[in-house]
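Worksheet for the structure shown next.
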Amino acid sequence: MGTGSSSESALRVVPSSDVFSNKEMVALKSAWDDNGPEGSLLKDRHGFTHYIIDRPAPTSKKGMQPSTKGIIVLSHGLGTSVRVYHQLAAILVDDGYTVLRYDFYNHGYSKYAGGLFGKDVWIKYTVDLFVDQLEDLLLHVCAETKETVVGIVGHSTGGVVAVASNARWRTKEAKRDVIPSVVLANPALFLFKKPFAQASADMFPKLLLFLFKFIPFLRSLVKINYEEAGEKGFAIDPRTNQAVYPDAKDKQSMVTRRCFGRVKGEREHPFIVPGIYGAGAFTLGAKLLAGHRELLLGNLTSSPDSKVHWIWGNLDLTVPYTENIGEAEGWAKNYDNFSLSTIDRLGHEFFFRRY
């Protein structure tokens with residue numbers, strides 16, 4: 001199932017100057033309105049992964065000690081970054097866990113490095129590539145911290161990554177064990193009816209990848225479609241047709257506008273459009289989601305000791321709650337290791353609190 005091979009010796013932390021040109025770093029800082037990567041950059045089999053390890057305070061003068069509870073991984077959604085998990089990470093650290101947050105390739109400060117000379121950021125972001133990235137990161141971090149992974153929280157696309165990762169790791173050839181506790185927050189296992197351009201990507205993903213790569217003005221379609229999807233991401237009160245949490249929606253809209261270079265005087269994130277299109281077409285395509293759901297059911301059958309808890313906002317339009325809740329409720333009845341919680345008046349986006 002993997003798309004390459006890696007070993008602990010081949011993985012190494014590198015300085016940002018080895019990853020980004022001066023022009024790229026200026027643009028990244030502008031897009032995120034900050035001073036640069038908050039964590040470390042890992043050279044892995046496909047590129048560079050930006051990650052942050054949040055740990056409990058040391059209990060002695062020897063410095064950071066392994067947590068008593070293990071590592072919880074936080075995997076974000078399409079178009080966002082490690083920032084969305086700042087508040088949740090703090091809560092988990094206070095509870096005694098080590099927390100690992102990371103950026104998907106071409107999101108935040110992670111960068112895919114493919115093609116000739118490792119310069120091609122236009123990525124066929126398949127689910128296998130997502131799993132390769134997380135697999136390499138866990139191999140490195142577990143060796144670095146001397147801790148084991150006890151849980152993963154995956155929001156939206158991050159939920160697909162969590163499911164697909166455990167599907168690989170339950171095989172005999174796997175490089176690691178399955179993660180025993182999985183929390184899926186509005187996982188992108190069902191999807192709303194897409195706008196025309198996104199639906200076209202489902203039909204002709206490789207052709208559109210080629211066109212976006214070589215005809216820059218066409219990339220505005222990716223931005224428009226993502227912004228339209230973002231409008232569906234926040235809970236809309238059906239009685240008033242207004243956002244339930246307007247401040248959070250406005251904050252996220254500003255982050256998106258900065259990343260897309262729509263804020264006057266600010267530079268566009270240099271890799272975010274390839275990252276969004278690549279994942280949207282090659283992992284979240286309409287014909288692929290049923291296969292991801294089959295992976296989930298296979299995990300529940302083959303790994304009964306791995307518990308899965310699905311959290312779903314009842315105003316979620318991106319992963320449509322009303323149309324699909326019945327199927328998820330059926331899983332809860334049929335599998336002892338699957339549970340389901342509905343949260344009232346929440347839409348797709350849970351975590352936009354820090355921006």
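Identifiers for the structure tokens are assigned positionally: chains receive A, B, ... in sequence, residues are indexed from 1 per chain, and ligands are indexed from 1 in the order shown.
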
- Enumerate, as a VMD selection string, the complete set of residues in segment 44-241 of chain A that a backbone-based DSSP assignment places in strand (DSSP E). chain A and resid 47 to 54 71 to 75 98 to 102 111 to 112 149 to 155 181 to 185 236 to 237

I want to know what sits within 8 Å of Phe104 of chain A, based on only C-alpha atoms, with residues of the same chain fewer than 4 positions away left out; could you give that as a ChimeraX atom specification? /A:49,76,81,108,110,130,133

Extract, using only C-alpha atoms, all DNA, RNA and protein residues at most 6 Å from segment 82-87 of chain A, discarding same-chain residues fewer than 4 positions from it, and format them as a list in words.
-> Arg101, Tyr102, Asp103, Phe351 and Phe352 of chain A

| atom CA of Val121 of chain A to atom CA of Asp44 of chain A, straight-line distance in Å |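 That distance, rounded to one decimal, is 14.9 Å.
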
(request) Give me every helix (DSSP H, G or I) residue in segment 88-141 of chain A, going by DSSP on the backbone, as a PyMOL selection string. (result) chain A and resi 88-94+116-118+127-141

Export of prior selection with C-alpha atoms as a CSV table (one decimal), in the first residue's frame:
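Below is the file that was written, selection_9.csv:
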chain,number,residue,atom,x,y,z
A,88,LEU,CA,-6.7,21.4,22.1
A,89,ALA,CA,-3.0,20.7,22.3
A,90,ALA,CA,-2.7,22.8,25.5
A,91,ILE,CA,-5.7,20.9,27.1
A,92,LEU,CA,-4.2,17.5,26.3
A,93,VAL,CA,-0.7,18.5,27.6
A,94,ASP,CA,-2.3,19.7,30.8
A,116,LEU,CA,13.2,16.5,-11.2
A,117,PHE,CA,15.6,18.0,-8.6
A,118,GLY,CA,12.8,17.9,-6.0
A,127,VAL,CA,-4.2,8.8,0.6
A,128,ASP,CA,-1.0,6.6,0.4
A,129,LEU,CA,1.1,9.8,0.3
A,130,PHE,CA,-0.7,11.1,3.4
A,131,VAL,CA,0.0,7.8,5.2
A,132,ASP,CA,3.6,7.8,4.1
A,133,GLN,CA,4.1,11.3,5.6
A,134,LEU,CA,2.6,10.3,8.9
A,135,GLU,CA,4.4,7.0,9.0
A,136,ASP,CA,7.8,8.7,8.6
A,137,LEU,CA,7.0,11.3,11.1
A,138,LEU,CA,5.9,8.8,13.8
A,139,LEU,CA,9.0,6.7,13.1
A,140,HIS,CA,11.2,9.7,13.8
A,141,VAL,CA,9.2,11.2,16.7

Quick one: residues within 8 Å of Lys307 of chain A, only C-alpha atoms counted, chain neighbours fewer than 2 positions away excluded, as a PDB file with C-alpha atoms, in the first residue's frame?
ATOM      1  CA  PRO A 180      -5.389   2.130  19.688  1.00  0.00           C
ATOM      2  CA  SER A 181      -7.673   5.183  20.069  1.00  0.00           C
ATOM      3  CA  VAL A 182      -9.013   7.142  17.100  1.00  0.00           C
ATOM      4  CA  LEU A 300     -13.379  -2.093  12.983  1.00  0.00           C
ATOM      5  CA  PRO A 304     -11.231  -4.877  17.601  1.00  0.00           C
ATOM      6  CA  ASP A 305      -8.869  -3.456  20.231  1.00  0.00           C
ATOM      7  CA  HIS A 309     -15.150   7.543  18.235  1.00  0.00           C
ATOM      8  CA  ASN A 337     -15.411  -0.648  19.025  1.00  0.00           C
ATOM      9  CA  PHE A 338     -17.243   2.199  17.255  1.00  0.00           C
TER      10      PHE A 338
END

Inset, instruction - Tell me, as number ranges by chain, which residues lie within 6 Å of segment 11-17 of chain A, counting only C-alpha atoms; anything in the same chain fewer than 6 positions away does not count. - result: A: 41-44

Can you spit out the residues from that selection as an mmCIF file, in the first residue's frame, using C-alpha atoms?
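Just written: out-v7.cif:
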data_model
loop_
_atom_site.group_PDB
_atom_site.id
_atom_site.type_symbol
_atom_site.label_atom_id
_atom_site.label_comp_id
_atom_site.auth_asym_id
_atom_site.auth_seq_id
_atom_site.Cartn_x
_atom_site.Cartn_y
_atom_site.Cartn_z
ATOM 1 C CA LEU A 41 11.272 20.395 9.791
ATOM 2 C CA LEU A 42 11.751 16.693 9.047
ATOM 3 C CA LYS A 43 13.260 15.549 5.749
ATOM 4 C CA ASP A 44 11.211 12.482 4.835
#

In terms of the shortest atom-to-atom distance over only C-alpha atoms, which of A:Lys23, A:Arg262, A:Lys232, A:His269 is closest to Asp316 of chain A?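 Looking only at the distances to Asp316 of chain A, the closest residue turns out to be A:Lys232.
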
With distances taken over only C-alpha atoms, which residue among A:Ser220, A:Asn186, A:Thr126, A:Thr68 lies nearest Asn324 of chain A?
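Smallest distance to Asn324 of chain A is found for A:Asn186.
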
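Remark: for Thr80 of chain A, the closest of the candidate residues A:Gly275, A:Gly261, A:Pro187, A:Pro205 is A:Gly275 (distances computed over only C-alpha atoms).
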
Item checked: Selected residue, from A:Leu184, A:Val149, A:Leu209, A:Val161, that lies nearest to Gly70 of chain A when counting only C-alpha atoms ->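 Comparing A:Leu184, A:Val149, A:Leu209, A:Val161 against Gly70 of chain A, the winner is A:Val149.
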